[in-house]
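J.: This is the structure I want to talk about, given as structure tokens.
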Amino acid sequence: MAGQQEVVKTTRRKSSFFDRIKIAVFLGVIIFVVVGSQANPPFDPFWRVFGEFVSEPGGMVLVGLFLLEVLRQVHYYISEKSASYNSFWQQNVWGGLDRTAGKMNPWTRFRVGRYIKWLFIIIPLYAITVDYFVDDVNSPIEAITQTPRLLAGALPYLLQVFVIMFIAIGQFVAIFWFLSRGGMDTIMPEEIKTRFNDVWGQDHVLDLIRENIAFLERPDEIEAKGGYIPGGILLWGPPGTGKTLMAEAIAGETGRPFVFVEPGAFIQMFMGVGILKVKSLYRKLRKLSLRHGGVIVFFDEADALGSRGTMGQPTGVFGADTKLDAFMSCNGFEYLSPIARNSLVDAWGLTAPATVEVPKKRFFDRIIMGGMGGGGMGTLQALLTEMNGLTKPRGMGNKVRKALGFRPKPPPKYRILHIMATNMPNALDEAMLRPGRIDRMYKVGFPSKEGRKQTLVGYLDKVKHGLAEEEVEKLSVVTPYYSGAKIKDLVNEALIIAIRDGRDTIGWDDIWRAKALKELGPPEDVDYIQRERHAVAIHEASHAVAAHLLGDHRRIDMVTIEKRSTTLGMVRSLGSEERFTQWKTEFETDIMVSLASRAGERMFFSEDNSSGVSGDLTNATTVAALMEGAWGMGRGLVSFSGTKSNQAGGTDNPVSVALRARGPQVEELLDQLYAQVSALLEEHHDQVLAVAAALEEHKTISGDDVAEIMGTKPGERSMREPKGWRQVSEKVAEDRKAEAAEALSRKVSSNGDTSNGHHEDEADEADPEGEATAVPAGT
Amino acid sequence: MGRRIPLLVAILGLAAAACSSSSDGAVTYTDPAKLSQVSLPASWHLYNYDQLQQLPSLPFVETFQGQNYPAVSSVAFDGAPVADVDNVTGSVATAAYPVGSMSVRTVGDFERDLLSRATLSQIVVPYYAYTDPNEHVKEDFSFGDGWDGVKRLVSFVDDTNQLGVAYILSVTDSEEKRVFSVVVGCSRQCFVDNQAQIEEVIGSWLVNKRS
């Protein structure tokens with residue numbers, strides 16, 4: 001019948017003979033042993049002693065249990081034979097009780113269960129025991145009424161026991177108690193002031209997280225529709241991007257308690273303490289969840305929890321400092337575009353500079369070493385069990401019910417939302433990240449340009465500043481890969497510089513100086529000799545002029561000849577727009593900028609050059625080798641990226657392989673580009689000298705200064721777009737647009753689907769100017 | 001299941017049989033304090049402690065060498081045709097039917113030092129106080145676990161010149177705080193006529209070692 005659940009009548013599953021008699025035999029043996037030990041035939045025959053035993057409370061309980069068990073087995077036996085009888089008990093009697101109990105609030109049910117346990121188990125057990133052992137107590141009722149007197153009388157004894165216990169085990173308890181404290185702070189809803197609008201620059205992540213709030217606010221709605229409540233969110237991303245702040249904002253928005261677990265909370269000196277802490281944590285979480293309808297637990301730096309088989313530490317293919325020397329000997333690779341810099345970092349296995357994000361490595365790309373993990377033996381496993389082990393029936397009552405063959409009571413639904421934050425997601429145990437434990441993984445990356453602008457405005461509003469809106473806009477452009485924490489630090493550093501100069505208002509110069517200080521470190525207080533200063537100036541000016549003329553895909557941020565820890569001077573470029581791919585022509589430009597230093601030195605120093613060009617040549621060679629052997633930008637099609645396994649089970653460095661296989665082609669490419677950049681510098685001979693002179697005078701100049709000296713806009717000699725882009729994109733866009741319109745019109749005419757307007761909207765969004773769909777094959 | 005029911009019945013039957021006492025023309029009596037037990041022929045009569053206390057003195061409860069061993073439990077019995085508590089008050093040597101007693105007596109601290117095999121039998125039947133005492137059976141007897149005593153079959157000639165015979169078992173508990181005794185006796189001819197029954201009564205005597 002529609003709308004009504006069909007009642008299926010079945011018999012009870014048949015029990016084995018052993019299961020049927022085991023409890024009765026167990027009780028019977030107890031009764032037999034107790035009675036038999038008191039029997040003394042012929043003076044006290046067994047049956048007489050049994051009669052006396054039954055008249056005593058203890059005996060009454062045991063015999064009563066025995067009879068109940070017999071009755072229960074009779075009940076089961078009938079249930080096995082009669083479907084109607086079984087159905088009546090299962091659906092009407094026990095089912096009715098379950099329905100009644102199910103109407104209770106979980107917290108109320110928990111309390112009622114506790115009172116029932118006291119009323120029917122603990123107090124009767126106490127009364128019978130006291131009646132049996134205490135001479136002047138003659139009945140269980142008297143045992144209860146005489147409790148105060150008995151307690152008063154037993155106080156000296158209890159005190160002795162307490163002292164002995166305190167001395168014997170108190171020391172261990174105290175040690176473990178103190179060890180298992182700390183590392184977990186509970187913040188109640190009224191103490192949390194953080195909200196989503198306090199998190200700047202991560203709107204896209206916040207949008208996703210807002211969705212998760214519904215899980216804590218309307219869990220029943222989701223479960224009623226057959227879903228389940230996701231139990232955890234992993235926020236991963238570079239340091240300082242606001243993961244912790246975001247978790248706190250979630251707690252603030254939901255009005256639930258927030259339990260903050262410190263990274264070192266489970267790292268203990270003694271084995272087992274970590275497990276105790278995990279259990280203690282989840283006891284607390286369950287309690288808070290019942291009381292407040294949910295709780296959020298936040299594991300900061302979750303990689304500290306470790307993994308059962310990994311250390312999670314990324315290691316390079318080569319020794320960490322093998323190639324670092326090359327960058328130290330020259331001027332680094334800051335003049336390259338961000339993508340080219342990333343490629344070098346990947347190719348040489350270097351640690352990325354602070355301004356370079358290395359997001360491309362997947363978890364299994366890292367070389368993982370075996371280890372115990374951070375949490376210690378058993379801690380991680382205990383955590384994993386607790387994270388999704390909450391649906392198991394708990395408590396002594398359920399154990400007794402299961403032992404007696406009853407169905408255990410399901411536990412209340414604990415609403416615990418796990419949030420973990422880490423910048424090393426590969427260090428987490430794989431089991432922790434499986435659905436059911438961590439259901440959602442959100443990358444909290446560096447903010448976008450708009451995000452950075454929003455963050456800058458937020459922090460600048462807290463101080464006095466004289467920055468115009470366009471300057472803030474410009475700052476947001478030249479601070480790619482800046483996290484919220486870094487932006488905050490930048491503004492603070494600028495304020496310190498302003499205060500040091502006797503001002504309380506931040507200006508553009510303060511920001512610029514602070515940025516240079518933070519990114520490049522403080523300049524060393526050394527003076528070059530005249531010849532060397534001139535050589536370094538020519539070197540950097542050559543880079544700068546080439547970068548200025550050729551580089552449209554990146555913009556010069558600053559040029560300096562101030563010596564810092566690893567460089568004699570540098571040209572620093574920034575991406576002019578957020579990009580995720582790079583073209584052959586752009587890499588060629590990067591190589592030309594690299595080679596410009598040698599071309600410039602040779603041009604001005606009569607075919608002589610310094611050792612300072614070694615790093616530039618390395619950069620140029622690496623990029624050229626990758627073009628030839630990995631990126632499909634050379635003459636051949638073979639890619640040496642990850643194609644050959646070495647003895648350690650990893651892959652050979654593609655640069656080395658490409659150089660071995662394609663050395664002549666790489667050399668030819670470099671020669672060709674060197675010739676081009678030499679010609680370019682010859683053509684702009686005077687501008688190179690002018691920039692060098694400015695550097696010698698001011699030591700550090702900005703990209704705008706270079707443009708002013710050059711008298712041209714950046715990228716004058718570069719192609720603003722890849723070769724043939726305009727022609728291809730316009731043609732493809734028009735063709736595709738016509739095809740899309742035709743396809744949609746066919747669909748509408750065939751099924752009359754009213755959603756076609758939506759598709760048109762999507763097509764419009766995807767192609768706002770009619771050319772965005774024209775993506776060349778292979779990208 | 002069908003084969004299990006007869007098996008269960010058989011087990012229960014065996015258990016019931018093991019737990020019950022046989023009733024082979026004898027009646028088993030346990031003193032009210034559950035200290036000792038004896039089986040008497042069905043035709044014999046038993047006189048309990050309350051009845052005996054109405055007598056001038058408890059039968060078969062004697063002093064020895066001036067020391068008293070008061071009874072805490074005592075029952076007397078006889079094989080007379082008609083039950084009469086006075087049947088057990090007369091001389092054993094003149095009894096035409098068996099008379100006897102089962103008693104438990106306490107031993108004081110002083111008396112404990114004087115306990116001997118002679119004491120154990122003399123405080124039941126003082127045959128050495130009569131003429132021509134003879135001990136036809138003179139054995140040490142034990143129930144084990146320190147419950148030791150004597151078994152005596154004695155004859156003597158009483159003041160009326162009648163020859164009487166008495167069978168005595170008497171033991172102390174392991175701590176020698178109590179004396180458990182049983183005695184059956186009568187005239188010589190009576191003893192000869194009823195010897196088998198008397199020996200059965202003596203042989204059926206039990207003491208409660210867990211009392």
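Ligands are numbered from 1 in the order shown, residues from 1 within each chain, and chains are lettered A, B, ... in the order they appear in the structure tokens.
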May I have the residues of chain A within 9 Å of chain B, counting only C-alpha atoms, written as a list in words?
T.: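 On the chain A side, the interface is Asn40, Pro41, Pro42, Phe43, Asp44, Pro45, Phe46 and Trp47 of chain A.
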J.: Taking the chain letters and numbering used in this document, name the residues of segment 34-190 of chain B that DSSP puts in alpha helix (DSSP H), as a PyMOL selection string.
T.: chain B and resi 49-53+109-114+117-122+188-190
J.: Store the residues picked out above, limited to N, CA and C atoms, as an mmCIF file, in the first residue's frame.
T.:
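In the end it all went to selection.cif:
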data_model
loop_
_atom_site.group_PDB
_atom_site.id
_atom_site.type_symbol
_atom_site.label_atom_id
_atom_site.label_comp_id
_atom_site.auth_asym_id
_atom_site.auth_seq_id
_atom_site.Cartn_x
_atom_site.Cartn_y
_atom_site.Cartn_z
ATOM 1 N N TYR B 49 15.727 -33.990 73.247
ATOM 2 C CA TYR B 49 16.419 -33.299 74.344
ATOM 3 C C TYR B 49 15.427 -32.702 75.334
ATOM 4 N N ASP B 50 14.334 -32.153 74.804
ATOM 5 C CA ASP B 50 13.340 -31.542 75.709
ATOM 6 C C ASP B 50 12.726 -32.592 76.641
ATOM 7 N N GLN B 51 12.449 -33.735 76.080
ATOM 8 C CA GLN B 51 11.866 -34.803 76.915
ATOM 9 C C GLN B 51 12.875 -35.271 77.965
ATOM 10 N N LEU B 52 14.097 -35.368 77.531
ATOM 11 C CA LEU B 52 15.125 -35.873 78.452
ATOM 12 C C LEU B 52 15.401 -34.891 79.588
ATOM 13 N N GLN B 53 15.209 -33.642 79.296
ATOM 14 C CA GLN B 53 15.496 -32.648 80.348
ATOM 15 C C GLN B 53 14.478 -32.728 81.494
ATOM 16 N N ASP B 109 38.208 -25.919 79.665
ATOM 17 C CA ASP B 109 39.654 -25.792 79.482
ATOM 18 C C ASP B 109 40.406 -26.723 80.434
ATOM 19 N N PHE B 110 39.915 -26.780 81.669
ATOM 20 C CA PHE B 110 40.593 -27.639 82.655
ATOM 21 C C PHE B 110 40.419 -29.106 82.272
ATOM 22 N N GLU B 111 39.188 -29.485 81.942
ATOM 23 C CA GLU B 111 38.905 -30.879 81.617
ATOM 24 C C GLU B 111 39.669 -31.337 80.367
ATOM 25 N N ARG B 112 39.952 -30.385 79.508
ATOM 26 C CA ARG B 112 40.632 -30.775 78.273
ATOM 27 C C ARG B 112 41.995 -31.410 78.574
ATOM 28 N N ASP B 113 42.628 -30.942 79.658
ATOM 29 C CA ASP B 113 43.944 -31.499 80.013
ATOM 30 C C ASP B 113 43.830 -32.920 80.556
ATOM 31 N N LEU B 114 42.639 -33.236 81.017
ATOM 32 C CA LEU B 114 42.461 -34.562 81.632
ATOM 33 C C LEU B 114 41.887 -35.591 80.672
ATOM 34 N N ARG B 117 41.537 -41.722 76.764
ATOM 35 C CA ARG B 117 40.650 -42.720 76.165
ATOM 36 C C ARG B 117 39.653 -43.230 77.201
ATOM 37 N N ALA B 118 40.117 -43.401 78.404
ATOM 38 C CA ALA B 118 39.230 -43.873 79.474
ATOM 39 C C ALA B 118 38.116 -42.865 79.743
ATOM 40 N N THR B 119 38.525 -41.607 79.725
ATOM 41 C CA THR B 119 37.530 -40.557 79.993
ATOM 42 C C THR B 119 36.408 -40.613 78.958
ATOM 43 N N LEU B 120 36.796 -40.769 77.696
ATOM 44 C CA LEU B 120 35.807 -40.728 76.615
ATOM 45 C C LEU B 120 34.750 -41.822 76.773
ATOM 46 N N SER B 121 35.122 -42.958 77.302
ATOM 47 C CA SER B 121 34.132 -44.028 77.458
ATOM 48 C C SER B 121 33.450 -43.979 78.824
ATOM 49 N N GLN B 122 34.193 -43.579 79.845
ATOM 50 C CA GLN B 122 33.633 -43.581 81.198
ATOM 51 C C GLN B 122 32.572 -42.501 81.392
ATOM 52 N N ARG B 188 22.649 -58.960 78.892
ATOM 53 C CA ARG B 188 23.461 -59.840 78.033
ATOM 54 C C ARG B 188 22.600 -60.545 77.006
ATOM 55 N N GLN B 189 21.455 -61.145 77.510
ATOM 56 C CA GLN B 189 20.605 -61.908 76.593
ATOM 57 C C GLN B 189 20.018 -61.013 75.501
ATOM 58 N N CYS B 190 19.596 -59.823 75.965
ATOM 59 C CA CYS B 190 19.033 -58.837 75.003
ATOM 60 C C CYS B 190 20.069 -58.494 73.947
#
J.: Can you list every residue in segment 123-193 of chain B that DSSP puts in strand (DSSP E or B), as a short mmCIF file (atom, residue, chain, number, x, y, z; two decimals) with N, CA and C atoms, in the first residue's frame?
T.:
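That gives us result_23.cif:
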data_model
loop_
_atom_site.label_atom_id
_atom_site.label_comp_id
_atom_site.auth_asym_id
_atom_site.auth_seq_id
_atom_site.Cartn_x
_atom_site.Cartn_y
_atom_site.Cartn_z
N THR B 131 31.07 -54.03 88.92
CA THR B 131 31.87 -55.24 89.19
C THR B 131 32.23 -55.92 87.85
N ASP B 132 33.39 -56.49 87.85
CA ASP B 132 33.86 -57.30 86.73
C ASP B 132 33.73 -56.61 85.35
N PRO B 133 34.35 -55.44 85.23
CA PRO B 133 34.30 -54.77 83.94
C PRO B 133 35.23 -55.46 82.92
N ASN B 134 34.73 -55.63 81.72
CA ASN B 134 35.54 -56.22 80.65
C ASN B 134 35.38 -55.40 79.36
N GLU B 135 36.49 -55.24 78.68
CA GLU B 135 36.45 -54.52 77.39
C GLU B 135 36.69 -55.54 76.27
N HIS B 136 35.63 -55.96 75.67
CA HIS B 136 35.74 -57.00 74.64
C HIS B 136 36.26 -56.42 73.32
N VAL B 137 35.88 -55.23 73.03
CA VAL B 137 36.46 -54.50 71.89
C VAL B 137 37.08 -53.23 72.44
N LYS B 138 38.32 -53.06 72.13
CA LYS B 138 39.02 -51.88 72.65
C LYS B 138 39.88 -51.31 71.50
N GLU B 139 39.27 -50.41 70.77
CA GLU B 139 39.96 -49.88 69.59
C GLU B 139 39.95 -48.35 69.63
N ASP B 140 40.99 -47.82 69.02
CA ASP B 140 40.94 -46.37 68.76
C ASP B 140 40.09 -46.15 67.50
N PHE B 141 39.41 -45.06 67.49
CA PHE B 141 38.45 -44.81 66.40
C PHE B 141 38.66 -43.39 65.88
N SER B 142 38.45 -43.20 64.61
CA SER B 142 38.63 -41.85 64.05
C SER B 142 37.68 -41.60 62.89
N PHE B 143 37.17 -40.37 62.86
CA PHE B 143 36.43 -39.92 61.67
C PHE B 143 37.33 -39.15 60.70
N GLY B 144 38.58 -39.05 61.05
CA GLY B 144 39.52 -38.28 60.21
C GLY B 144 39.52 -36.81 60.59
N TRP B 147 39.33 -35.87 64.28
CA TRP B 147 38.16 -36.32 65.07
C TRP B 147 38.45 -37.76 65.53
N ASP B 148 39.09 -37.83 66.64
CA ASP B 148 39.57 -39.13 67.12
C ASP B 148 38.87 -39.51 68.42
N GLY B 149 38.82 -40.80 68.67
CA GLY B 149 38.19 -41.27 69.92
C GLY B 149 38.34 -42.78 70.10
N VAL B 150 37.35 -43.37 70.75
CA VAL B 150 37.48 -44.80 71.09
C VAL B 150 36.22 -45.56 70.69
N LYS B 151 36.42 -46.86 70.46
CA LYS B 151 35.29 -47.77 70.25
C LYS B 151 35.44 -48.86 71.34
N ARG B 152 34.38 -49.01 72.09
CA ARG B 152 34.42 -49.99 73.19
C ARG B 152 33.17 -50.86 73.16
N LEU B 153 33.40 -52.17 73.32
CA LEU B 153 32.28 -53.10 73.61
C LEU B 153 32.59 -53.67 75.00
N VAL B 154 31.78 -53.25 75.95
CA VAL B 154 32.12 -53.57 77.35
C VAL B 154 30.98 -54.37 77.99
N SER B 155 31.37 -55.11 79.01
CA SER B 155 30.36 -55.81 79.83
C SER B 155 30.71 -55.56 81.30
N PHE B 156 29.73 -55.62 82.10
CA PHE B 156 29.94 -55.35 83.54
C PHE B 156 28.76 -55.95 84.32
N VAL B 157 28.93 -56.09 85.59
CA VAL B 157 27.87 -56.63 86.46
C VAL B 157 27.42 -55.49 87.36
N LEU B 163 24.26 -58.92 84.36
CA LEU B 163 25.35 -58.67 83.42
C LEU B 163 24.82 -57.82 82.25
N GLY B 164 25.44 -56.71 82.12
CA GLY B 164 25.02 -55.83 81.02
C GLY B 164 26.12 -55.67 79.99
N VAL B 165 25.71 -55.38 78.76
CA VAL B 165 26.67 -55.17 77.66
C VAL B 165 26.35 -53.82 76.96
N ALA B 166 27.39 -53.09 76.66
CA ALA B 166 27.18 -51.78 76.00
C ALA B 166 28.22 -51.56 74.88
N TYR B 167 27.73 -50.98 73.81
CA TYR B 167 28.62 -50.65 72.67
C TYR B 167 28.77 -49.12 72.68
N ILE B 168 29.98 -48.64 72.75
CA ILE B 168 30.22 -47.18 72.91
C ILE B 168 31.15 -46.69 71.79
N LEU B 169 30.75 -45.59 71.21
CA LEU B 169 31.67 -44.83 70.33
C LEU B 169 31.73 -43.42 70.90
N SER B 170 32.93 -42.91 71.01
CA SER B 170 33.07 -41.57 71.58
C SER B 170 34.29 -40.89 70.96
N VAL B 171 34.07 -39.71 70.42
CA VAL B 171 35.18 -38.99 69.76
C VAL B 171 35.17 -37.52 70.19
N THR B 172 36.30 -36.90 70.07
CA THR B 172 36.35 -35.43 70.29
C THR B 172 36.49 -34.76 68.92
N ARG B 178 34.62 -30.43 72.18
CA ARG B 178 33.36 -31.16 72.34
C ARG B 178 33.63 -32.66 72.24
N VAL B 179 32.76 -33.42 72.95
CA VAL B 179 32.82 -34.88 72.88
C VAL B 179 31.52 -35.37 72.28
N PHE B 180 31.62 -36.14 71.22
CA PHE B 180 30.46 -36.71 70.55
C PHE B 180 30.41 -38.20 70.92
N SER B 181 29.25 -38.65 71.37
CA SER B 181 29.16 -40.05 71.81
C SER B 181 27.89 -40.69 71.30
N VAL B 182 27.98 -41.99 71.13
CA VAL B 182 26.78 -42.78 70.88
C VAL B 182 26.96 -44.11 71.66
N VAL B 183 25.89 -44.55 72.24
CA VAL B 183 25.98 -45.78 73.03
C VAL B 183 24.66 -46.56 72.88
N VAL B 184 24.79 -47.85 72.76
CA VAL B 184 23.60 -48.73 72.76
C VAL B 184 23.95 -49.96 73.65
N GLY B 185 23.05 -50.29 74.56
CA GLY B 185 23.35 -51.43 75.42
C GLY B 185 22.08 -52.03 76.02
N CYS B 186 22.25 -53.15 76.66
CA CYS B 186 21.12 -53.78 77.35
C CYS B 186 21.65 -55.03 78.08
N SER B 187 20.78 -55.87 78.59
CA SER B 187 21.23 -57.08 79.30
C SER B 187 21.93 -58.01 78.32
#
J.: Give me, please, the distance in Å between atom CA of His539 of chain A and atom CA of Gly711 of chain A, quoted to one decimal.
T.: 20.2 Å
J.: By how many Å are atom CA of Val49 of chain A and atom CA of Gly36 of chain A apart?
T.: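 Atom CA of Gly36 of chain A lies at a distance of 8.1 Å from atom CA of Val49 of chain A.
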J.: So which one's closest to His45 of chain B, B:Asn87, B:Thr106, B:Gln197, B:Thr160? Using only C-alpha atoms, please.
T.: B:Asn87
J.: Within 9 Å of segment 611-621 of chain A, which residues of segment 531-601 of chain A show up? Give each one with its shortest atom-to-atom distance in Å (one decimal) and the two atoms involved, counting only C-alpha atoms, rows by chain then rising residue number, as a Markdown table.
T.:
| residue | atom | partner | partner_atom | distance |
| --- | --- | --- | --- | --- |
| A:Val536 | CA | A:Gly612 | CA | 8.4 |
| A:His539 | CA | A:Val613 | CA | 8.3 |
| A:Leu568 | CA | A:Gly612 | CA | 8.5 |
| A:Asp590 | CA | A:Ala620 | CA | 7.6 |
| A:Ile591 | CA | A:Ala620 | CA | 4.8 |
| A:Met592 | CA | A:Ala620 | CA | 7.8 |
| A:Val593 | CA | A:Ala620 | CA | 8.6 |
| A:Ser594 | CA | A:Asp616 | CA | 5.0 |
| A:Leu595 | CA | A:Asp616 | CA | 6.4 |
| A:Ala596 | CA | A:Asp616 | CA | 8.7 |
| A:Ser597 | CA | A:Val613 | CA | 6.4 |
| A:Arg598 | CA | A:Val613 | CA | 5.9 |
| A:Glu601 | CA | A:Val613 | CA | 9.0 |
J.: Residues at most 6 Å from Ala26 of chain B, counting only C-alpha atoms, excluding those fewer than 3 positions away in the same chain, as number ranges by chain?
T.: B: 23, 39-42
J.: Limited to N, CA and C atoms, could you put the picked residues into a file as a short mmCIF file (atom, residue, chain, number, x, y, z; two decimals), in the first residue's frame?
T.:
data_model
loop_
_atom_site.label_atom_id
_atom_site.label_comp_id
_atom_site.auth_asym_id
_atom_site.auth_seq_id
_atom_site.Cartn_x
_atom_site.Cartn_y
_atom_site.Cartn_z
N SER B 23 15.78 -45.55 52.72
CA SER B 23 14.89 -45.84 53.85
C SER B 23 14.70 -47.36 53.93
N SER B 39 20.89 -43.70 62.57
CA SER B 39 19.74 -44.38 61.97
C SER B 39 19.27 -45.49 62.93
N LEU B 40 18.00 -45.46 63.23
CA LEU B 40 17.43 -46.43 64.19
C LEU B 40 16.42 -47.33 63.47
N PRO B 41 16.29 -48.55 63.92
CA PRO B 41 15.23 -49.39 63.36
C PRO B 41 13.88 -48.69 63.51
N ALA B 42 13.00 -48.92 62.58
CA ALA B 42 11.74 -48.18 62.54
C ALA B 42 10.89 -48.42 63.79
#
J.: Find the residues near segment 137-145 of chain A: any atom within 10 Å, counting only C-alpha atoms, skip ones fewer than 6 places away on the same chain, and give them as a list in words.
T.: Glu56, Pro57, Gly58, Ile123, Pro124, Leu125, Tyr126, Ala127, Ile128, Thr129, Val130 and Asp131 of chain A
J.: Neighbours of segment 102-110 of chain A within 9 Å (only C-alpha atoms; same-chain residues fewer than 5 positions away dropped), as a list in words?
T.: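 So, after excluding close chain neighbours, the residues are Leu97, Tyr115, Leu290, Arg291, Pro411, Pro412 and Lys413 of chain A.
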J.: Please, what distance in Å, to one decimal, runs between atom CA of Ser103 of chain B and atom CA of Ser73 of chain B?
T.: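 One can read the atom CA of Ser103 of chain B to atom CA of Ser73 of chain B distance as 5.4 Å.
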